[in-house]
Amino acid sequence: MSEDREVVLAIQNVIKSYAGHTKHKIRTKALDGVTFHLHEGECVGLIGESGSGKSTLARCILLMEKIDAGQIRFQGKELAGPGKVAKYQALEGQIQAVFQNPAASLNPQLRIIDSLMEPLDSLLNKTPAILADCSHDRQRCARRLLEMVELPVQITDRYPHQLSGGQKQRVAIARAISSKPSLIVMDEPTSSLDMITQAHIVDMLSNLQKSIGFSCLFISHDLGTIQHVSDTIMVIQQGRIIDNFARGELFSSQRHAYTQSLVHRYQS
Ligand SMILES: Nc1ncnc2c1ncn2[C@@H]1O[C@H](COP(=O)(O)OP(=O)(O)OP(=O)(O)O)[C@@H](O)[C@H]1O
C-alpha cells in the first residue's frame, strides 16, 4: 500500500563510522550501507540491540552528524551526502525530533510557552495549517498545542522542573508537531517513562500521527510499542538493516533468525 504514496525520506547506502579509541584505532562502522524509503504518512519502526546504530541513523537524518558515504534525500532534495550537509534551519521545521530524555530537550530557564513556541517563533509568519485560526495569538497557539497533547493549558507559565517526566515529554511532542512537520524522528520517546505513562503517550502519538499525517521513524527497544505504532518494521544489526516487514509479521516464523532472537528475548 505504501508503495503508492510519495517517498518523503530516501536513505541510500549510508555509511557512517567513528574513530576508534583503542590502541589499534580501528574505526567503528555504526552504519554500514543503510538503505530504505519512508513514505508519506507512514510510521516505520526501527529495532535492534544496544549499539546497533539506531541513534546514529537518527542523528544523521537530523543533520547532527555527517555521513561518510551514501545519500539522504528528503522530499526529493539531497539533505546529506559525503562531506555535504544541508542546514537544519533551511528545513523550516519540516523535520522534527523527539528524544528519550524530555528534561534535556527543554531549556530549564524557559517557561513552557517559550519552549513550546520556539519552532513557530523561528518560522516567523509561516503558521502551519493546524494552527491557522490562532496564528496571531501566541497564547492561543500554545493552548491549542497543549490541548492536542492532552495537557492542562495552565502550565504555559511554569518551568520544566515543575512538570512530571510524562508532562515534559508531552510538551516536547507538542513542540515537534507545532510546525506541522512532514517527518518526526522519535528516538526512544517513551523509554524514560513509567509503564502507564508510556502506554498513554504511545496511544496519543499513534493518534496524532494519523490525524496530522506526518511520517515517522520510531526507534524503540520495546517490541510491543513498535508493533503498536508502526506500519512497517525494520531490524538493524551492526549497522545493517537485516529485516524489513509489515508490522503484523513481527512474530512470524519466516523472520530473519536475528529478529526471531529479539522476539524470543522480548517474550521471555
Ligand atoms: N560519538 C561517537 N563516537 C564514537 N563511537 C560512537 C559514537 N556514537 C556512537 N558510537 C558507536 O557507534 C555504534 C552505534 O551506536 P548507536 O548509539 O547508534 O547505537 P544504538 O543502537 O542507538 O544503541 P542504544 O540502543 O544503546 O542507544 C556503537 O558501537 C557506538 O559505540
# chains A, B, ... in the order shown; residues from 1 in each chain; ligands from 1
$ residues_around --residues "Leu145 in chain A" --least-positions-apart "3" --cutoff "10 Å" --atoms "only C-alpha atoms" --output "list in words"
Leu116, Met117, Ile130, Leu131, Gln139, Arg140, Cys141, Ala142, Met148, Val149, Glu150, Leu151, Val153, Arg170, Val171, Ile173, Ala174, Arg175, Ile177 and Ser178 of chain A
$ write_last_selection --atoms "C-alpha atoms" --output "CSV table (one decimal), in the first residue's frame"
chain,number,residue,atom,x,y,z
A,116,LEU,CA,6.8,25.2,23.1
A,117,MET,CA,6.7,28.1,20.7
A,130,ILE,CA,-3.1,23.1,12.2
A,131,LEU,CA,-2.8,26.5,13.9
A,139,GLN,CA,-1.1,32.3,23.9
A,140,ARG,CA,-3.9,30.7,21.9
A,141,CYS,CA,-1.5,28.8,19.7
A,142,ALA,CA,0.3,27.5,22.8
A,148,MET,CA,-3.5,18.4,21.3
A,149,VAL,CA,-1.2,16.6,23.7
A,150,GLU,CA,-3.8,16.4,26.5
A,151,LEU,CA,-2.0,18.8,28.9
A,153,VAL,CA,-3.4,24.9,29.4
A,170,ARG,CA,4.1,15.8,26.0
A,171,VAL,CA,5.5,19.4,25.8
A,173,ILE,CA,5.8,16.3,21.4
A,174,ALA,CA,3.6,19.4,21.1
A,175,ARG,CA,6.7,21.4,20.1
A,177,ILE,CA,4.1,18.8,15.9
A,178,SER,CA,3.8,22.6,16.1
$ select_by_dssp --residues "range 26-262 of chain A" --states "alpha helix (DSSP H)" --output "ChimeraX atom specification"
/A:54-61,102-105,112-122,138-148,165-178,195-212,223-229,257-262
$ closest_atom_pairs --of "chain A" --to "ligand 1" --cutoff "12 Å" --atoms "only C-alpha atoms and all ligand atoms" --output "Markdown table"
| residue | atom | partner | partner_atom_place_in_ligand_line | distance |
| --- | --- | --- | --- | --- |
| A:Ile15 | CA | ligand 1 | 12 (O) | 11.5 |
| A:Lys16 | CA | ligand 1 | 12 (O) | 8.6 |
| A:Ser17 | CA | ligand 1 | 12 (O) | 7.2 |
| A:Tyr18 | CA | ligand 1 | 4 (C) | 4.7 |
| A:Ala19 | CA | ligand 1 | 4 (C) | 6.1 |
| A:Gly20 | CA | ligand 1 | 4 (C) | 6.7 |
| A:His21 | CA | ligand 1 | 4 (C) | 7.8 |
| A:Thr22 | CA | ligand 1 | 4 (C) | 11.0 |
| A:Lys25 | CA | ligand 1 | 4 (C) | 11.2 |
| A:Ile26 | CA | ligand 1 | 5 (N) | 10.8 |
| A:Arg27 | CA | ligand 1 | 5 (N) | 8.3 |
| A:Thr28 | CA | ligand 1 | 29 (O) | 6.0 |
| A:Lys29 | CA | ligand 1 | 12 (O) | 6.7 |
| A:Ala30 | CA | ligand 1 | 12 (O) | 4.3 |
| A:Leu31 | CA | ligand 1 | 14 (C) | 7.5 |
| A:Asp32 | CA | ligand 1 | 14 (C) | 10.5 |
| A:Leu46 | CA | ligand 1 | 21 (O) | 9.4 |
| A:Ile47 | CA | ligand 1 | 21 (O) | 8.1 |
| A:Gly48 | CA | ligand 1 | 21 (O) | 6.2 |
| A:Glu49 | CA | ligand 1 | 25 (O) | 5.9 |
| A:Ser50 | CA | ligand 1 | 26 (O) | 3.5 |
| A:Gly51 | CA | ligand 1 | 19 (O) | 3.4 |
| A:Ser52 | CA | ligand 1 | 21 (O) | 3.9 |
| A:Gly53 | CA | ligand 1 | 18 (O) | 3.3 |
| A:Lys54 | CA | ligand 1 | 21 (O) | 3.9 |
| A:Ser55 | CA | ligand 1 | 22 (O) | 3.6 |
| A:Thr56 | CA | ligand 1 | 18 (O) | 3.7 |
| A:Leu57 | CA | ligand 1 | 18 (O) | 6.5 |
| A:Ala58 | CA | ligand 1 | 18 (O) | 8.0 |
| A:Arg59 | CA | ligand 1 | 18 (O) | 8.3 |
| A:Cys60 | CA | ligand 1 | 18 (O) | 9.8 |
| A:Met64 | CA | ligand 1 | 1 (N) | 10.8 |
| A:Glu65 | CA | ligand 1 | 1 (N) | 9.0 |
| A:Lys66 | CA | ligand 1 | 1 (N) | 11.3 |
| A:Phe99 | CA | ligand 1 | 27 (O) | 10.9 |
| A:Gln100 | CA | ligand 1 | 27 (O) | 9.6 |
| A:Asn101 | CA | ligand 1 | 27 (O) | 12.0 |
| A:Met186 | CA | ligand 1 | 22 (O) | 11.7 |
| A:Asp187 | CA | ligand 1 | 22 (O) | 8.3 |
| A:Glu188 | CA | ligand 1 | 27 (O) | 8.3 |
| A:Pro189 | CA | ligand 1 | 27 (O) | 11.8 |
| A:Ser191 | CA | ligand 1 | 25 (O) | 10.6 |
| A:Phe218 | CA | ligand 1 | 22 (O) | 12.0 |
| A:Ile219 | CA | ligand 1 | 22 (O) | 8.5 |
| A:Ser220 | CA | ligand 1 | 25 (O) | 7.9 |
| A:His221 | CA | ligand 1 | 25 (O) | 6.9 |
| A:Asp222 | CA | ligand 1 | 25 (O) | 10.7 |
| A:Val235 | CA | ligand 1 | 21 (O) | 10.5 |
| A:Ile236 | CA | ligand 1 | 21 (O) | 8.0 |
| A:Gln237 | CA | ligand 1 | 21 (O) | 8.4 |
| A:Gln238 | CA | ligand 1 | 14 (C) | 7.6 |
| A:Gly239 | CA | ligand 1 | 14 (C) | 7.2 |
| A:Arg240 | CA | ligand 1 | 14 (C) | 10.9 |
| A:Ile241 | CA | ligand 1 | 21 (O) | 11.8 |
$ closest_residue --among "A:Ala69, A:Ile242, A:Ala80, A:Val202" --to "Val229 in chain A" --atoms "only C-alpha atoms"
A:Val202
$ residues_around --residues "range 195-201 of chain A" --least-positions-apart "2" --cutoff "9 Å" --atoms "only C-alpha atoms" --output "PDB file with C-alpha atoms, in the first residue's frame"
ATOM      1  CA  VAL A 149      -1.186  16.563  23.720  1.00  0.00           C
ATOM      2  CA  GLY A 166       5.443  12.477  31.184  1.00  0.00           C
ATOM      3  CA  GLN A 169       7.614  14.648  27.084  1.00  0.00           C
ATOM      4  CA  ARG A 170       4.131  15.787  26.037  1.00  0.00           C
ATOM      5  CA  PRO A 189      10.461   8.717  23.161  1.00  0.00           C
ATOM      6  CA  THR A 190       8.843   6.720  25.954  1.00  0.00           C
ATOM      7  CA  SER A 191      11.763   4.743  27.420  1.00  0.00           C
ATOM      8  CA  SER A 192      12.342   7.087  30.366  1.00  0.00           C
ATOM      9  CA  LEU A 193       8.688   6.929  31.498  1.00  0.00           C
ATOM     10  CA  ASP A 203      -1.514   5.826  22.119  1.00  0.00           C
ATOM     11  CA  MET A 204      -1.501   9.602  21.813  1.00  0.00           C
ATOM     12  CA  LEU A 205       1.473   9.579  19.404  1.00  0.00           C
ATOM     13  CA  SER A 206      -0.196   6.991  17.240  1.00  0.00           C
ATOM     14  CA  THR A 225       5.434  -0.377  21.404  1.00  0.00           C
TER      15      THR A 225
END
$ atom_distance --atom1 "CA of Ser215 in chain A" --atom2 "CA of Val185 in chain A"
8.6 Å
$ select_by_dssp --residues "range 67-217 of chain A" --states "strand (DSSP E or B)" --output "VMD selection string"
chain A and resid 69 to 74 77 to 81 84 to 85 95 to 98 183 to 187 215 to 217
$ closest_residue --among "A:Ile112, A:Cys134, A:Leu123, A:Val98" --to "Pro152 in chain A" --atoms "only C-alpha atoms"
A:Ile112
$ closest_residue --among "A:Gln167, A:Ser179, A:Gln12, A:Thr156" --to "Ile95 in chain A" --atoms "only C-alpha atoms"
A:Ser179
$ atom_distance --atom1 "CA of Glu92 in chain A" --atom2 "CA of Asp4 in chain A"
26.4 Å
$ atom_distance --atom1 "CA of Gly76 in chain A" --atom2 "CA of Ser105 in chain A"
29.1 Å
$ closest_residue --among "A:Phe214, A:Tyr88, A:Tyr159, A:Tyr258" --to "Glu42 in chain A" --atoms "only C-alpha atoms"
A:Phe214
